[in-house]
file upload-v4.pdb (PDB, C-alpha atoms and all ligand atoms)
ATOM      1  CA  MET R   1       0.000   0.000   0.000
ATOM      2  CA  THR R   2       1.354   3.384  -0.975
ATOM      3  CA  GLU R   3       2.195   5.451   2.048
ATOM      4  CA  VAL R   4       3.049   9.108   2.006
ATOM      5  CA  ARG R   5       4.169  11.715   4.480
ATOM      6  CA  TRP R   6       4.076  15.437   3.881
ATOM      7  CA  GLY R   7       4.949  18.927   4.965
ATOM      8  CA  VAL R   8       3.349  22.303   4.349
ATOM      9  CA  ALA R   9       4.782  25.798   4.624
ATOM     10  CA  THR R  10       3.488  29.187   3.616
ATOM     11  CA  ASP R  11       4.105  32.834   4.252
ATOM     12  CA  VAL R  12       0.360  33.502   4.182
ATOM     13  CA  GLY R  13      -0.398  35.408   7.344
ATOM     14  CA  ARG R  14       2.702  37.570   7.027
ATOM     15  CA  VAL R  15       1.665  41.210   7.110
ATOM     16  CA  ARG R  16       0.426  42.029   3.644
ATOM     17  CA  THR R  17      -2.517  43.697   2.024
ATOM     18  CA  THR R  18      -3.699  40.379   0.606
ATOM     19  CA  ASN R  19      -3.048  36.705   1.278
ATOM     20  CA  GLN R  20      -4.198  34.861  -1.780
ATOM     21  CA  ASP R  21      -2.544  31.446  -1.472
ATOM     22  CA  ARG R  22      -4.152  28.413   0.112
ATOM     23  CA  ALA R  23      -2.802  24.914   0.742
ATOM     24  CA  LEU R  24      -4.469  21.603   1.489
ATOM     25  CA  ALA R  25      -2.787  18.513   2.895
ATOM     26  CA  ALA R  26      -5.068  15.695   3.984
ATOM     27  CA  ALA R  27      -3.777  12.100   4.048
ATOM     28  CA  THR R  28      -4.210  11.304   0.355
ATOM     29  CA  LEU R  29      -4.968  14.709  -1.151
ATOM     30  CA  PHE R  30      -2.623  17.664  -1.520
ATOM     31  CA  ALA R  31      -3.218  20.979  -3.227
ATOM     32  CA  VAL R  32      -2.023  24.530  -3.684
ATOM     33  CA  ALA R  33      -4.235  27.367  -4.936
ATOM     34  CA  ASP R  34      -3.223  30.934  -5.735
ATOM     35  CA  GLY R  35      -6.180  33.256  -6.068
ATOM     36  CA  MET R  36      -6.644  36.408  -8.097
ATOM     37  CA  GLY R  37      -9.176  39.185  -8.069
ATOM     38  CA  GLY R  38      -9.638  42.401  -6.159
ATOM     39  CA  HIS R  39     -11.780  43.069  -3.079
ATOM     40  CA  GLN R  40     -10.578  39.882  -1.373
ATOM     41  CA  GLY R  41     -11.713  37.931  -4.440
ATOM     42  CA  GLY R  42      -8.420  36.050  -4.686
ATOM     43  CA  GLU R  43      -8.585  34.899  -1.103
ATOM     44  CA  VAL R  44     -12.208  33.847  -1.422
ATOM     45  CA  ALA R  45     -11.565  31.975  -4.669
ATOM     46  CA  ALA R  46      -8.537  30.073  -3.376
ATOM     47  CA  GLU R  47     -10.236  29.185  -0.105
ATOM     48  CA  LEU R  48     -13.427  28.045  -1.791
ATOM     49  CA  ALA R  49     -11.503  26.013  -4.352
ATOM     50  CA  VAL R  50      -9.419  23.995  -1.903
ATOM     51  CA  ARG R  51     -12.354  23.474   0.460
ATOM     52  CA  THR R  52     -14.629  22.264  -2.326
ATOM     53  CA  LEU R  53     -11.871  20.086  -3.745
ATOM     54  CA  GLY R  54     -11.370  18.379  -0.380
ATOM     55  CA  ASP R  55     -15.079  17.959   0.371
ATOM     56  CA  ARG R  56     -15.829  16.457  -2.997
ATOM     57  CA  PHE R  57     -12.755  14.280  -3.405
ATOM     58  CA  PHE R  58     -13.280  12.436  -0.140
ATOM     59  CA  GLN R  59     -16.858  11.613  -1.181
ATOM     60  CA  ASP R  60     -15.384   9.808  -4.184
ATOM     61  CA  PRO R  61     -11.637   9.365  -3.715
ATOM     62  CA  THR R  62     -10.979   7.950  -7.167
ATOM     63  CA  GLU R  63      -9.321   8.966 -10.410
ATOM     64  CA  SER R  64     -12.511  10.350 -11.919
ATOM     65  CA  GLY R  65     -13.564  11.621  -8.496
ATOM     66  CA  LEU R  66     -10.560  13.928  -8.359
ATOM     67  CA  ARG R  67     -11.404  15.474 -11.705
ATOM     68  CA  GLU R  68     -15.035  15.816 -10.646
ATOM     69  CA  ALA R  69     -13.847  17.552  -7.492
ATOM     70  CA  VAL R  70     -11.876  20.055  -9.590
ATOM     71  CA  ARG R  71     -14.975  20.709 -11.697
ATOM     72  CA  ALA R  72     -16.990  21.203  -8.518
ATOM     73  CA  ALA R  73     -14.378  23.653  -7.250
ATOM     74  CA  ASN R  74     -14.596  25.532 -10.532
ATOM     75  CA  ALA R  75     -18.380  25.682 -10.364
ATOM     76  CA  ALA R  76     -18.319  26.852  -6.755
ATOM     77  CA  VAL R  77     -15.954  29.731  -7.509
ATOM     78  CA  TRP R  78     -17.800  30.668 -10.691
ATOM     79  CA  GLU R  79     -21.203  30.691  -8.965
ATOM     80  CA  ARG R  80     -19.968  32.690  -6.012
ATOM     81  CA  GLY R  81     -18.454  35.235  -8.391
ATOM     82  CA  GLN R  82     -21.705  35.524 -10.269
ATOM     83  CA  ALA R  83     -23.697  35.950  -7.087
ATOM     84  CA  ASP R  84     -21.561  38.719  -5.597
ATOM     85  CA  ALA R  85     -20.689  41.761  -7.692
ATOM     86  CA  ALA R  86     -17.663  42.547  -5.509
ATOM     87  CA  LEU R  87     -16.209  39.121  -6.282
ATOM     88  CA  ARG R  88     -17.043  38.964  -9.970
ATOM     89  CA  GLY R  89     -14.097  37.939 -12.107
ATOM     90  CA  MET R  90     -12.247  36.256  -9.263
ATOM     91  CA  GLY R  91     -10.418  33.033  -9.980
ATOM     92  CA  THR R  92      -7.627  30.821  -8.755
ATOM     93  CA  THR R  93      -4.957  28.429  -9.866
ATOM     94  CA  LEU R  94      -5.209  24.885  -8.544
ATOM     95  CA  THR R  95      -2.596  22.174  -8.638
ATOM     96  CA  ALA R  96      -3.314  18.950  -6.777
ATOM     97  CA  VAL R  97      -2.015  15.416  -6.246
ATOM     98  CA  ALA R  98      -4.054  12.524  -4.870
ATOM     99  CA  VAL R  99      -3.360   8.883  -4.122
ATOM    100  CA  VAL R 100      -5.953   6.914  -6.086
ATOM    101  CA  GLY R 101      -6.617   3.271  -6.932
ATOM    102  CA  ASP R 102      -6.444   0.118  -4.851
ATOM    103  CA  PRO R 103      -3.269  -1.550  -3.584
ATOM    104  CA  PRO R 104      -1.045  -2.671  -5.138
ATOM    105  CA  GLU R 105      -2.086  -0.688  -8.201
ATOM    106  CA  GLU R 106      -2.185   2.724  -6.612
ATOM    107  CA  ARG R 107      -1.290   5.769  -8.627
ATOM    108  CA  LEU R 108      -0.655   9.389  -7.971
ATOM    109  CA  GLU R 109      -3.073  11.468  -9.962
ATOM    110  CA  LEU R 110      -2.030  15.028 -10.781
ATOM    111  CA  VAL R 111      -4.393  17.736 -11.872
ATOM    112  CA  ASN R 112      -3.589  21.290 -12.822
ATOM    113  CA  VAL R 113      -5.266  24.509 -13.885
ATOM    114  CA  GLY R 114      -3.277  27.751 -13.966
ATOM    115  CA  ASP R 115       0.360  28.508 -13.218
ATOM    116  CA  SER R 116       1.004  26.972  -9.843
ATOM    117  CA  ARG R 117       3.201  23.923 -10.356
ATOM    118  CA  THR R 118       3.870  20.366  -9.325
ATOM    119  CA  TYR R 119       7.432  19.057  -9.554
ATOM    120  CA  LEU R 120       8.826  15.598  -8.933
ATOM    121  CA  LEU R 121      12.183  14.946  -7.334
ATOM    122  CA  ARG R 122      13.141  11.369  -8.141
ATOM    123  CA  GLY R 123      16.672  10.389  -7.385
ATOM    124  CA  ASP R 124      18.689  13.475  -8.213
ATOM    125  CA  ARG R 125      16.398  14.828 -10.894
ATOM    126  CA  LEU R 126      13.797  17.512 -10.492
ATOM    127  CA  LEU R 127      11.126  17.427 -13.176
ATOM    128  CA  GLN R 128       8.388  19.953 -13.676
ATOM    129  CA  LEU R 129       5.308  17.791 -14.176
ATOM    130  CA  THR R 130       2.681  20.445 -14.869
ATOM    131  CA  ASN R 131       2.369  22.914 -17.708
ATOM    132  CA  ASP R 132       1.653  26.528 -16.856
ATOM    133  CA  HIS R 133      -1.534  27.906 -18.346
ATOM    134  CA  SER R 134      -0.076  31.314 -18.919
ATOM    135  CA  LEU R 135       0.400  33.596 -21.856
ATOM    136  CA  VAL R 136       4.186  33.406 -21.715
ATOM    137  CA  GLU R 137       4.148  29.620 -21.482
ATOM    138  CA  GLU R 138       2.110  29.525 -24.681
ATOM    139  CA  MET R 139       4.590  31.891 -26.308
ATOM    140  CA  VAL R 140       7.420  29.542 -25.272
ATOM    141  CA  ARG R 141       5.520  26.542 -26.632
ATOM    142  CA  ASN R 142       5.041  28.377 -29.919
ATOM    143  CA  GLY R 143       8.716  29.260 -30.063
ATOM    144  CA  GLU R 144       8.048  32.994 -29.849
ATOM    145  CA  ILE R 145      10.185  33.577 -26.771
ATOM    146  CA  SER R 146      12.737  31.558 -24.802
ATOM    147  CA  PRO R 147      12.146  30.194 -21.275
ATOM    148  CA  ALA R 148      14.666  32.769 -20.023
ATOM    149  CA  GLU R 149      12.697  35.580 -21.654
ATOM    150  CA  ALA R 150       9.481  34.158 -20.210
ATOM    151  CA  ALA R 151      10.867  34.339 -16.669
ATOM    152  CA  VAL R 152      11.170  38.128 -16.856
ATOM    153  CA  HIS R 153       8.366  38.876 -19.302
ATOM    154  CA  PRO R 154       6.011  41.641 -18.097
ATOM    155  CA  GLY R 155       2.995  39.508 -19.063
ATOM    156  CA  ARG R 156       4.134  36.431 -17.150
ATOM    157  CA  HIS R 157       1.290  36.667 -14.644
ATOM    158  CA  ILE R 158      -1.436  36.578 -17.278
ATOM    159  CA  LEU R 159      -3.240  33.238 -17.096
ATOM    160  CA  THR R 160      -4.906  31.542 -20.021
ATOM    161  CA  ARG R 161      -6.871  29.209 -17.748
ATOM    162  CA  ALA R 162      -8.078  29.530 -14.180
ATOM    163  CA  ILE R 163     -10.569  27.978 -11.787
ATOM    164  CA  GLY R 164     -13.778  29.990 -11.592
ATOM    165  CA  GLU R 165     -13.492  32.167 -14.639
ATOM    166  CA  ARG R 166     -16.035  30.183 -16.668
ATOM    167  CA  PRO R 167     -18.899  27.797 -15.824
ATOM    168  CA  ASP R 168     -16.750  24.819 -16.868
ATOM    169  CA  VAL R 169     -13.016  24.261 -16.955
ATOM    170  CA  ASP R 170     -10.441  22.288 -18.913
ATOM    171  CA  ILE R 171      -8.302  20.220 -16.589
ATOM    172  CA  ASP R 172      -4.866  18.763 -17.243
ATOM    173  CA  ALA R 173      -4.635  15.369 -15.555
ATOM    174  CA  TRP R 174      -1.944  12.701 -15.397
ATOM    175  CA  LEU R 175      -1.201   9.468 -13.596
ATOM    176  CA  LEU R 176       2.157   8.610 -12.099
ATOM    177  CA  VAL R 177       3.320   5.307 -10.623
ATOM    178  CA  PRO R 178       4.695   6.242  -7.221
ATOM    179  CA  ALA R 179       8.225   5.105  -6.441
ATOM    180  CA  THR R 180       9.598   4.862  -2.938
ATOM    181  CA  GLY R 181      11.511   8.033  -2.137
ATOM    182  CA  ASP R 182       9.704  10.246  -4.651
ATOM    183  CA  ARG R 183       9.190  13.773  -3.422
ATOM    184  CA  LEU R 184       6.479  15.832  -5.038
ATOM    185  CA  LEU R 185       6.600  19.567  -4.673
ATOM    186  CA  LEU R 186       3.433  21.625  -5.130
ATOM    187  CA  CYS R 187       3.953  25.373  -5.093
ATOM    188  CA  SER R 188       2.584  28.760  -6.005
ATOM    189  CA  ASP R 189       4.440  31.129  -8.310
ATOM    190  CA  GLY R 190       5.719  33.016  -5.280
ATOM    191  CA  LEU R 191       8.272  30.217  -4.948
ATOM    192  CA  ILE R 192       8.985  29.802  -8.643
ATOM    193  CA  ASN R 193       9.673  33.509  -9.136
ATOM    194  CA  GLU R 194      12.222  33.636  -6.338
ATOM    195  CA  VAL R 195      14.015  30.290  -6.345
ATOM    196  CA  GLN R 196      15.774  28.704  -9.309
ATOM    197  CA  ASP R 197      14.968  25.097 -10.149
ATOM    198  CA  ARG R 198      18.467  23.936  -9.251
ATOM    199  CA  GLU R 199      18.194  25.557  -5.869
ATOM    200  CA  MET R 200      14.764  24.007  -5.327
ATOM    201  CA  ALA R 201      16.104  20.570  -6.175
ATOM    202  CA  GLU R 202      18.998  21.005  -3.778
ATOM    203  CA  LEU R 203      16.813  22.175  -0.881
ATOM    204  CA  VAL R 204      14.299  19.367  -1.322
ATOM    205  CA  ARG R 205      16.991  16.726  -1.681
ATOM    206  CA  ARG R 206      18.954  17.912   1.337
ATOM    207  CA  SER R 207      16.031  18.118   3.734
ATOM    208  CA  ARG R 208      15.499  15.285   6.173
ATOM    209  CA  ASP R 209      11.754  15.285   5.802
ATOM    210  CA  PRO R 210       8.966  16.947   3.812
ATOM    211  CA  GLN R 211       8.226  19.514   6.493
ATOM    212  CA  GLY R 212      11.855  20.598   6.612
ATOM    213  CA  ALA R 213      11.895  20.784   2.820
ATOM    214  CA  SER R 214       8.805  22.952   2.593
ATOM    215  CA  GLU R 215      10.053  25.313   5.306
ATOM    216  CA  ALA R 216      13.479  25.608   3.679
ATOM    217  CA  LEU R 217      11.888  26.505   0.349
ATOM    218  CA  VAL R 218       9.644  29.193   1.804
ATOM    219  CA  ALA R 219      12.560  30.616   3.809
ATOM    220  CA  ARG R 220      14.739  30.790   0.709
ATOM    221  CA  ALA R 221      12.028  32.467  -1.366
ATOM    222  CA  THR R 222      11.439  34.987   1.412
ATOM    223  CA  ASP R 223      15.178  35.710   1.624
ATOM    224  CA  ASN R 224      15.326  36.170  -2.124
ATOM    225  CA  GLY R 225      12.695  38.884  -2.113
ATOM    226  CA  GLY R 226       9.350  37.249  -1.507
ATOM    227  CA  SER R 227       7.242  39.873  -3.255
ATOM    228  CA  ASP R 228       4.293  37.472  -3.588
ATOM    229  CA  ASN R 229       2.713  34.859  -1.337
ATOM    230  CA  ILE R 230       4.775  31.680  -1.158
ATOM    231  CA  THR R 231       3.097  28.345  -0.506
ATOM    232  CA  VAL R 232       4.686  24.922  -0.674
ATOM    233  CA  VAL R 233       3.461  21.381  -0.056
ATOM    234  CA  VAL R 234       6.011  18.555  -0.195
ATOM    235  CA  VAL R 235       4.734  14.985  -0.360
ATOM    236  CA  GLU R 236       7.123  12.075   0.056
ATOM    237  CA  VAL R 237       6.319   8.533  -1.016
ATOM    238  CA  VAL R 238       7.467   6.439   1.946
ATOM    239  CA  ASP R 239       6.417   3.158   0.419
ATOM    240  CA  GLY R 240       5.624   3.169  -3.259
ATOM    241  CA  ALA R 241       4.442   0.743  -5.883
ATOM    242  CA  ARG R 242       7.957   0.786  -7.300
ATOM    243  CA  PRO R 243      11.255   0.544  -5.554
ATOM    244  CA  GLY R 244      13.009   3.893  -5.520
ATOM    245  CA  ARG R 245      16.187   4.900  -7.286
ATOM    246  CA  GLU R 246      15.429   3.450 -10.644
ATOM    247  CA  SER R 247      15.382   6.821 -12.242
ATOM    248  CA  THR R 248      18.535   6.751 -14.296
ATOM    249  CA  SER R 249      17.034   5.284 -17.441
ATOM    250  CA  ARG R 250      13.991   6.062 -19.496
ATOM    251  CA  SER R 251      11.839   7.197 -16.634
ATOM    252  CA  ASP R 252      14.004  10.295 -16.312
ATOM    253  CA  SER R 253      12.018  12.346 -18.721
ATOM    254  CA  ARG R 254       8.612  13.534 -17.810
ATOM    255  CA  PRO R 255       6.737  12.325 -20.872
ATOM    256  CA  MET R 256       7.881   8.796 -20.103
ATOM    257  CA  LEU R 257       6.797   9.055 -16.490
ATOM    258  CA  LEU R 258       3.312  10.307 -16.916
ATOM    259  CA  GLU R 259       0.210   8.841 -18.382
ATOM    260  CA  ALA R 260      -2.077  11.563 -19.634
ATOM    261  CA  VAL R 261      -5.697  11.087 -18.709
ATOM    262  CA  THR R 262      -8.569  13.109 -19.959
ATOM    263  CA  GLY R 263     -10.207  15.759 -17.904
ATOM    264  CA  GLY R 264     -13.631  16.889 -19.000
ATOM    265  CA  ASN R 265     -13.286  15.633 -22.517
ATOM    266  CA  GLU R 266     -13.757  11.939 -21.871
ATOM    267  CA  ALA R 267     -14.088  11.317 -25.597
ATOM    268  CA  ALA R 268     -10.394  11.871 -26.102
ATOM    269  CA  GLY R 269      -9.681   8.563 -24.388
ATOM    270  CA  PRO R 270      -6.814   7.495 -22.179
ATOM    271  CA  GLY R 271      -3.398   8.425 -23.444
ATOM    272  CA  GLY R 272      -4.773  11.158 -25.644
ATOM    273  CA  PRO R 273      -3.946  14.776 -25.288
ATOM    274  CA  THR R 274      -4.999  16.474 -22.115
ATOM    275  CA  LEU R 275      -7.869  18.841 -22.242
ATOM    276  CA  GLY R 276      -7.760  21.984 -24.227
ATOM    277  CA  GLY R 277      -5.352  20.458 -26.691
ATOM    278  CA  VAL R 278      -2.394  21.078 -24.421
ATOM    279  CA  SER R 279       0.183  18.388 -24.924
ATOM    280  CA  PRO R 280       1.994  17.189 -21.879
ATOM    281  CA  GLY R 281       5.218  19.134 -22.028
ATOM    282  CA  GLY R 282       8.338  17.979 -20.361
ATOM    283  CA  ARG R 283      10.991  20.154 -18.988
ATOM    284  CA  GLU R 284      13.787  18.943 -16.937
ATOM    285  CA  ALA R 285      14.045  21.416 -14.170
ATOM    286  CA  GLY R 286      17.461  22.884 -13.757
ATOM    287  CA  GLY R 287      18.349  22.336 -17.365
ATOM    288  CA  ALA R 288      17.749  24.793 -20.141
ATOM    289  CA  GLU R 289      16.667  22.365 -22.800
ATOM    290  CA  ALA R 290      13.309  20.804 -23.305
ATOM    291  CA  VAL R 291      13.159  17.057 -22.839
ATOM    292  CA  GLY R 292      10.883  16.296 -25.705
ATOM    293  CA  ARG R 293       7.509  17.882 -25.933
ATOM    294  CA  GLY R 294       5.922  14.695 -27.082
ATOM    295  CA  SER R 295       2.328  13.813 -26.571
ATOM    296  CA  GLY R 296       0.031  10.937 -27.173
ATOM    297  CA  PRO R 297       0.964   7.287 -27.021
ATOM    298  CA  ALA R 298       4.525   7.811 -25.790
ATOM    299  CA  ASP R 299       3.164   9.270 -22.594
ATOM    300  CA  ALA R 300       1.111   6.218 -21.832
ATOM    301  CA  ASP R 301       3.928   3.725 -22.195
ATOM    302  CA  ALA R 302       5.847   4.225 -19.035
ATOM    303  CA  VAL R 303       3.053   3.677 -16.572
ATOM    304  CA  GLY R 304       2.436   0.156 -15.411
TER     305      GLY R 304
HETATM  306 MG    MG R 401       1.139  34.145  -6.656
END
call {"tool": "encode", "arguments": {"input": "upload-v4.pdb", "output": "structure tokens", "more": "lines below"}}
Ligand code: MG
result
Amino acid sequence: MTEVRWGVATDVGRVRTTNQDRALAAATLFAVADGMGGHQGGEVAAELAVRTLGDRFFQDPTESGLREAVRAANAAVWERGQADAALRGMGTTLTAVAVVGDPPEERLELVNVGDSRTYLLRGDRLLQLTNDHSLVEEMVRNGEISPAEAAVHPGRHILTRAIGERPDVDIDAWLLVPATGDRLLLCSDGLINEVQDREMAELVRRSRDPQGASEALVARATDNGGSDNITVVVVEVVDGARPGRESTSRSDSRPMLLEAVTGGNEAAGPGGPTLGGVSPGGREAGGAEAVGRGSGPADADAVG
């Protein structure tokens, strides 16, 4: 049976005008949300999203249940925004990981909407598992700008997808076979903007436990400037479906690790592109080059 332990750290609560990040860590479900919208809208959206996600997922803690829970979170934020003029237009990112399936076939299911991220540290490699739904990320995908240019682009905060901005939402979803020793890092952009991938990898690898790792990351981001809320959840697979440390071969690259599953568009079928036509990307964190932006059948191979 897959066992995990986890740690959570955030600077939310530090004296600021707004605190728009929220985290959730509950046995088999982990999430980070980063809200947006004036008049407390960002805080309301993030809070409502993680609460709805948790309530709904534990009613049906399955693969499809997680995606349903994200849809429910989207609907809750959308409806609240429609009902209250002061909150109209609010939204939030949401990145989440859940343990789903029955032993010994358990999987980690990842879902993402927006530009918070989930990374995987396996062995010595840090891989960014999620794609950002941001304008600059699309420009990078289209070859219009480089990742380095994207990091400092004035439009880097503009999202192309968010929870609560429409009545329905496209969800990126993947399955991962957990390996003993895996550390998953869920974070808001407050971390990403302040701490380089290499530094993140080092801090997570060096920490004795997930709580220490999450605190070290938030401390580093705060030291580096911390102009935005910083929220981090680190989940460690204590006992996985796979032995650890087998990461030196083909499972090193993200497309080989992840099986894409469909979100709302069930017709696309397993192994097809994720919703919204976004191909699973694949960047090796800490390296400048892309590790194959493949999609489709190749992504389904490595799982199982
Ligand atoms: Mg933020």
call {"tool": "residues_near_ligand", "arguments": {"input": "upload-v4.pdb", "ligand": "ligand MG 401 (chain R)", "cutoff": "8 Å", "atoms": "only C-alpha atoms and all ligand atoms", "output": "VMD selection string"}}
result
chain R and resid 20 to 21 34 to 35 116 188 to 190 228 to 230
call {"tool": "residues_around", "arguments": {"input": "upload-v4.pdb", "residues": "R:Glu68", "least_positions_apart": "3", "cutoff": "9 Å", "atoms": "all atoms listed in the file", "output": "list of chain:residue names"}}
result
R:Leu53, R:Arg56, R:Phe57, R:Asp60, R:Glu63, R:Ser64, R:Gly65, R:Arg71, R:Ala72, R:Ala73, R:Gly263, R:Gly264
call {"tool": "write_last_selection", "arguments": {"input": "upload-v4.pdb", "atoms": "C-alpha atoms", "output": "PDB file, in the frame of the given file"}}
result
ATOM      1  CA  LEU R  53     -11.871  20.086  -3.745  1.00  0.00           C
ATOM      2  CA  ARG R  56     -15.829  16.457  -2.997  1.00  0.00           C
ATOM      3  CA  PHE R  57     -12.755  14.280  -3.405  1.00  0.00           C
ATOM      4  CA  ASP R  60     -15.384   9.808  -4.184  1.00  0.00           C
ATOM      5  CA  GLU R  63      -9.321   8.966 -10.410  1.00  0.00           C
ATOM      6  CA  SER R  64     -12.511  10.350 -11.919  1.00  0.00           C
ATOM      7  CA  GLY R  65     -13.564  11.621  -8.496  1.00  0.00           C
ATOM      8  CA  ARG R  71     -14.975  20.709 -11.697  1.00  0.00           C
ATOM      9  CA  ALA R  72     -16.990  21.203  -8.518  1.00  0.00           C
ATOM     10  CA  ALA R  73     -14.378  23.653  -7.250  1.00  0.00           C
ATOM     11  CA  GLY R 263     -10.207  15.759 -17.904  1.00  0.00           C
ATOM     12  CA  GLY R 264     -13.631  16.889 -19.000  1.00  0.00           C
TER      13      GLY R 264
END
call {"tool": "residues_around", "arguments": {"input": "upload-v4.pdb", "residues": "stretch 204-208 of chain R", "least_positions_apart": "2", "cutoff": "10 Å", "atoms": "all atoms listed in the file", "output": "PyMOL selection string"}}
result
chain R and resi 121-126+183-185+199-202+210-217+234
call {"tool": "closest_residue", "arguments": {"input": "upload-v4.pdb", "among": "R:Leu176, R:Cys187, R:Leu87, R:Ala49", "to": "R:Ala75", "atoms": "all atoms listed in the file"}}
result
R:Ala49
call {"tool": "closest_residue", "arguments": {"input": "upload-v4.pdb", "among": "R:Leu129, R:Thr62, R:Val235, R:Ser134", "to": "R:Asp102", "atoms": "only C-alpha atoms"}}
result
R:Thr62
